[in-house]
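Step one of this worksheet: look at the structure below.
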Amino acid sequence: MKTIDKLYRYISMSLLVVILASCEKDFLDINTDPNNPTDAQLNQLLPSAQVNMAFIFGNSPGGLNGYAGTIMHHYVRRGNLNDYGLQGGDFAITTAWNSIYAGALTDLTNIIDAGTENGDFHYVGIAQIMKAYIYATLVDVWGEVPYFEANQGSSNPFPPFDGGAAIYADLFLTINDGIANLAKSSNFSPGADDLYYGGNLTKWRKLAKTLKLRMYNNIRLVQNVNTDVTALLNEGDLISAADEFELVYGSSISPENRNPGYVQEWSPGGSFYYMDPYFFEILRSQDTFGHGGVQFGVEDPRLPYYFFNQLPAGASDSDAENPCAYCPSDAGTSFLSIYSYSFNIDPNEGFDQGRSQTVAGLYPLGGRYDDGNGGIAANGASLTAGQVSGNPGIPQRLLSYHERLFIEAELAQVGTTGGNARSLLSDAIDAAFAKVNELAGMASAPTISSTDITTYRDAVLASYDASSAAGQLEIIMTQKWIAVFGNSLVAYNDYRRTGYPELHNGNTDNLNVTVQTRQFPVSFPYDIGNLQLNPNAPSQRVIATQKVFWDNN
């Protein structure tokens with residue numbers, strides 16, 4: 001991984017010039033056209049694509065992760081999204097779709113074309129691996145997307161949408177080509193311009209193979225992947241804790257290089273997202289509103305790293321700035337939020353709680369470790385009385401070591417491999433806690449003690465031992481859902497593939513302020529602007545029923 005030391009550049013789209021200027025401006029500090037390989041060098045295109053990729057798949061205002069996090073009940077929002085109401089005109093949908101095609105994918109296409117022509121094969125290999133990651137994610141979210149004829153510029157401005165299965169099949173080949181190109185002699189090789197791995201080709205190779213493992217796991221219900229998965233595992237060339245795929249940010253406000261999720265969520269009183277009480281209660285191992293989620297009988301010690309309570313420890317409901325929905329008296333702590341499925345139903349849901357609500361903490365996007373003292377979340381250069389700041393350099397995680405171990409645990413549990421699912425689950429939990437402690441170290445926050453980790457892990461394993469095979473899979477996937485907070489797109493795939501974790505149902509809880517009126521979205525809606533402009537585009541997706549190709553659950 002490589003820390004950003006410059007700003008984001010402008011994404012070359014009129015749609016985003018104004019909206020995203022504060023996040024993308026001048027990242028490369030160049031005056032040439034970054035999408036023209038005759039003008040821009042590969043060492044400018046690569047970091048441009050990398051920043052854009054992390055922005056779109058992260059917790060930024062235009063990122064997909066916030067939407068996925070709300071669907072997966074990590075977060076909760078007011079409005080239509082409170083009840084699975086995704087729409088093709090939503091800001092995150094339109095921004096992500098347009099930005100990734102006009103930004104990262106255009107840059108990567110140019111790197112591949114120019115690098116192949118000039119013999120810069122290490123750049124080509126990295127670009128191919130990144131391209132595979134991006135397109136696999138687009139397929140996972142939207143199903144059918146422009147691929148085979150995409151990014152051809154004015155020669156083909158209206159590319160058709162291709163089937164997800166065909167795209168996935170070609171991406172496996174692209175990854176293999178990328179690995180082969182990493183092994184070739186190269187006229188030029190990346191160094192500091194590679195913001196993820198600093199030009200370390202071994203780490204890129206390990207990422208490529210771990211990406212294949214993730215993709216094989218996604219498609220295991222529609223394709224026999226046993227031989228392919230076994231071969232990957234036998235090679236032993238997958239990412240470790242030292243090889244995680246993430247973008248580490250900085251702490252500068254001017255020029256801006258902080259985690260975009262932190263910039264958004266720690267704006268004083270301006271957080272987009274509440275923290276979902278269901279997620280909180282699973283971590284707290286309690287059930288105050290009949291949600292019926294998995295309980296492990298012990299409080300998760302990651303709570304103060306996941307959430308920051310602006311109200312201090314010991315606060316009461318009357319300390320909130322307005323009447324509250326999910327209040328400290330419900331939580332048993334100073335946690336304050338709103339319920340999913342309560343928009344325009346709960347009379348207290350609509351009150352402003354900007355200075356009282358619980359916000360995203362250290363682990364997901366660089367907030368603050370919750371020491372119990374409270375404070376108004378703020379991200380400014382100077383703080384006023386009562387304000388506290390976070391840790392904006394915390395990385396956006398894209399593929400972590402603990403995710404790899406949870407994948408292996410799932411594959412062993414369902415019989416794809418002969419691995420020991422219990423042992424792999426234990427290792428995955430340990431790796432997830434190690435990641436929290438790594439970030440705590442970055443923020444000079446206290447770390448979780450080995451005693452607390454052991455107590456929690458042993459409680460989970462005791463539940464695993466006492467469960468049926470289906471219950472054991474549920475525990476694996478619930479633990480993964482907890483661990484990938486901050487990268488909820490992973491959990492979104494997992495839920496559609498396995499049906500786990502169990503999610504809050506607004507019609508079966510014991511609340512009189514929640515009503516679930518929409519089905520869980522099995523895919524995202526297309527950007528409505530693209531459907532209107534592209535004559536080769538399909539009809540808008542029916543997100544409640546139109547599954548992606550590998551979703552056979």
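As shown in the structure tokens, the chain order sets the letters A, B, ...; within each chain, residues go from 1, and ligands are also counted from 1 in the order they appear.
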Filtered DSSP result for range 7-203 of chain A, state strand (DSSP E or B), as a list in words | Tyr75, Val76, Val145, Pro146, Phe161 and Asp162 of chain A
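The protein and nucleic acid residues lying at most 9 Å from Leu42 in chain A are Asp107, Asn110, Ile111, Ala114, Gly115, Asp120, Tyr123 and Pro190 of chain A, with only C-alpha atoms considered and sequence neighbours fewer than 6 positions away removed.
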Could those residues be written to a file, using C-alpha atoms, as a CSV table (one decimal), in the first residue's frame?
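Writing the result to again_25.csv gives the following:
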chain,number,residue,atom,x,y,z
A,107,ASP,CA,-7.3,5.4,-17.8
A,110,ASN,CA,-5.1,3.7,-22.2
A,111,ILE,CA,-2.4,2.2,-20.0
A,114,ALA,CA,0.1,2.3,-24.7
A,115,GLY,CA,2.0,0.0,-22.4
A,120,ASP,CA,5.8,-1.4,-20.5
A,123,TYR,CA,2.1,-1.2,-16.1
A,190,PRO,CA,5.9,1.6,-11.5
Extract, using only C-alpha atoms, all DNA, RNA and protein residues at most 8 Å from Pro392 in chain A, discarding same-chain residues fewer than 4 positions from it, and format them as a list of chain:residue names.
-> A:Tyr249, A:Gly250, A:Ser251, A:Arg258, A:Asn259, A:Tyr262, A:Val263, A:Leu365, A:Gly366, A:Gly367
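Summary of the local environment: counting only C-alpha atoms, residues at most 8 Å from range 297-304 of chain A, other than itself and those fewer than 4 positions away along its chain, are Phe280, Leu283, Arg284, Ser285, Phe308, Gly361, Tyr369, Asp370, Asp371, Phe433, Val436, Ile448, Asp452, Ile453, Tyr456 and Ala459 of chain A.
Of note, CA of Leu213 in chain A and CA of Phe406 in chain A are spaced 11.3 Å apart.
Going from CA of Val139 in chain A over to CA of Tyr526 in chain A, you cover 11.6 Å.
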Nearby residues (only C-alpha atoms) at most 7 Å from Tyr401 in chain A, same-chain spacing under 5 positions excluded, as an MDAnalysis selection string = chainID A and resid 239:241 244 431
Judged by only C-alpha atoms, the minimum distance to Phe351 in chain A among A:Val51, A:Arg78, A:Gln540, A:Gly393 is found for A:Arg78
Alpha helix (DSSP H) per DSSP on the backbone: members of range 65-200 of chain A, as a VMD selection string = chain A and resid 65 to 71 91 to 100 106 to 118 121 to 142 164 to 182
Could you give me, as a PyMOL selection string, the residues within 6 Å of Phe335 in chain A, counting only C-alpha atoms and dropping anything in the same chain fewer than 4 positions from it?
-> chain A and resi 309+328+358
Could you please take those selected residues and save C-alpha atoms as a CSV table (one decimal), in the first residue's frame?
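again.csv was written with the following content:
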chain,number,residue,atom,x,y,z
A,309,ASN,CA,-20.9,8.3,20.1
A,328,PRO,CA,-29.6,5.7,24.8
A,358,THR,CA,-23.6,8.1,16.6
Which of these, A:Leu173, A:Ala483, A:Ala127, A:Leu221, has the shortest distance to Ala434 in chain A once you count only C-alpha atoms?
-> A:Ala483
Which of these, A:Ile345, A:Val248, A:Ile112, A:Val522, has the shortest distance to Asn553 in chain A once you count only C-alpha atoms?
-> A:Val522
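Here CA of Asn344 in chain A and CA of Asn512 in chain A stand 12.5 Å from one another.
The environment of Tyr197 in chain A within 10 Å, counting only C-alpha atoms and disregarding residues fewer than 2 places along the same chain, consists of Met1, Lys2, Thr3, Pro190, Gly191, Ala192, Asp193, Asp194, Leu195, Gly199, Asn200, Leu201, Thr202, Lys203, Trp204, Asp243, Glu244, Phe245, Glu246 and Leu247 of chain A.
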Deliver the residues from the most recent selection as a file, using N, CA and C atoms, as a PDB file, in the first residue's frame.
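The result, stored in out.pdb:
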ATOM      1  N   MET A   1       0.842  -1.180   0.000  1.00  0.00           N
ATOM      2  CA  MET A   1       0.000   0.000   0.000  1.00  0.00           C
ATOM      3  C   MET A   1       0.882   1.236   0.000  1.00  0.00           C
ATOM      4  N   LYS A   2       0.365   2.328  -0.491  1.00  0.00           N
ATOM      5  CA  LYS A   2       1.158   3.538  -0.642  1.00  0.00           C
ATOM      6  C   LYS A   2       0.307   4.727  -0.232  1.00  0.00           C
ATOM      7  N   THR A   3       0.855   5.584   0.636  1.00  0.00           N
ATOM      8  CA  THR A   3       0.106   6.732   1.102  1.00  0.00           C
ATOM      9  C   THR A   3       0.008   7.793   0.022  1.00  0.00           C
ATOM     10  N   PRO A 190       6.378   0.663 -12.486  1.00  0.00           N
ATOM     11  CA  PRO A 190       5.873   1.644 -11.517  1.00  0.00           C
ATOM     12  C   PRO A 190       6.679   1.622 -10.224  1.00  0.00           C
ATOM     13  N   GLY A 191       6.649   2.720  -9.533  1.00  0.00           N
ATOM     14  CA  GLY A 191       7.273   2.846  -8.220  1.00  0.00           C
ATOM     15  C   GLY A 191       6.331   3.594  -7.313  1.00  0.00           C
ATOM     16  N   ALA A 192       6.723   4.807  -6.934  1.00  0.00           N
ATOM     17  CA  ALA A 192       5.890   5.605  -6.037  1.00  0.00           C
ATOM     18  C   ALA A 192       4.559   5.993  -6.660  1.00  0.00           C
ATOM     19  N   ASP A 193       4.463   5.951  -7.987  1.00  0.00           N
ATOM     20  CA  ASP A 193       3.198   6.280  -8.639  1.00  0.00           C
ATOM     21  C   ASP A 193       2.141   5.199  -8.436  1.00  0.00           C
ATOM     22  N   ASP A 194       2.542   4.037  -7.982  1.00  0.00           N
ATOM     23  CA  ASP A 194       1.602   2.969  -7.639  1.00  0.00           C
ATOM     24  C   ASP A 194       1.172   3.180  -6.195  1.00  0.00           C
ATOM     25  N   LEU A 195       0.002   3.759  -6.000  1.00  0.00           N
ATOM     26  CA  LEU A 195      -0.458   4.150  -4.672  1.00  0.00           C
ATOM     27  C   LEU A 195      -0.909   2.976  -3.817  1.00  0.00           C
ATOM     28  N   GLY A 199       4.722  -0.379  -6.507  1.00  0.00           N
ATOM     29  CA  GLY A 199       5.459  -1.077  -7.549  1.00  0.00           C
ATOM     30  C   GLY A 199       5.890  -2.482  -7.182  1.00  0.00           C
ATOM     31  N   ASN A 200       5.404  -3.010  -6.069  1.00  0.00           N
ATOM     32  CA  ASN A 200       5.756  -4.367  -5.640  1.00  0.00           C
ATOM     33  C   ASN A 200       4.943  -5.368  -6.469  1.00  0.00           C
ATOM     34  N   LEU A 201       5.592  -5.974  -7.448  1.00  0.00           N
ATOM     35  CA  LEU A 201       4.884  -6.857  -8.380  1.00  0.00           C
ATOM     36  C   LEU A 201       4.459  -8.167  -7.728  1.00  0.00           C
ATOM     37  N   THR A 202       5.193  -8.600  -6.710  1.00  0.00           N
ATOM     38  CA  THR A 202       4.802  -9.815  -5.991  1.00  0.00           C
ATOM     39  C   THR A 202       3.449  -9.624  -5.320  1.00  0.00           C
ATOM     40  N   LYS A 203       3.252  -8.461  -4.741  1.00  0.00           N
ATOM     41  CA  LYS A 203       1.966  -8.198  -4.097  1.00  0.00           C
ATOM     42  C   LYS A 203       0.844  -8.109  -5.125  1.00  0.00           C
ATOM     43  N   TRP A 204       1.132  -7.547  -6.279  1.00  0.00           N
ATOM     44  CA  TRP A 204       0.117  -7.503  -7.326  1.00  0.00           C
ATOM     45  C   TRP A 204      -0.244  -8.914  -7.795  1.00  0.00           C
ATOM     46  N   ASP A 243      -0.093  -7.773   2.510  1.00  0.00           N
ATOM     47  CA  ASP A 243      -0.354  -7.566   1.079  1.00  0.00           C
ATOM     48  C   ASP A 243      -1.750  -7.013   0.805  1.00  0.00           C
ATOM     49  N   GLU A 244      -2.400  -6.451   1.784  1.00  0.00           N
ATOM     50  CA  GLU A 244      -3.801  -6.084   1.619  1.00  0.00           C
ATOM     51  C   GLU A 244      -3.972  -4.984   0.573  1.00  0.00           C
ATOM     52  N   PHE A 245      -5.064  -5.091  -0.155  1.00  0.00           N
ATOM     53  CA  PHE A 245      -5.356  -4.175  -1.257  1.00  0.00           C
ATOM     54  C   PHE A 245      -6.173  -3.021  -0.702  1.00  0.00           C
ATOM     55  N   GLU A 246      -5.536  -1.865  -0.535  1.00  0.00           N
ATOM     56  CA  GLU A 246      -6.194  -0.728   0.075  1.00  0.00           C
ATOM     57  C   GLU A 246      -5.466   0.548  -0.328  1.00  0.00           C
ATOM     58  N   LEU A 247      -6.170   1.660  -0.192  1.00  0.00           N
ATOM     59  CA  LEU A 247      -5.584   2.955  -0.475  1.00  0.00           C
ATOM     60  C   LEU A 247      -5.500   3.736   0.826  1.00  0.00           C
TER      61      LEU A 247
END
Counting only C-alpha atoms, which residues in range 297-352 of chain A sit no more than 12 Å from range 486-501 of chain A? For each one, give the nearest pair of atoms and the distance in Å, sorted by chain then residue number, as JSON lines.
{"residue": "A:Tyr305", "atom": "CA", "partner": "A:Gly486", "partner_atom": "CA", "distance": 11.7}
{"residue": "A:Tyr306", "atom": "CA", "partner": "A:Gly486", "partner_atom": "CA", "distance": 9.2}
{"residue": "A:Phe307", "atom": "CA", "partner": "A:Gly486", "partner_atom": "CA", "distance": 11.5}
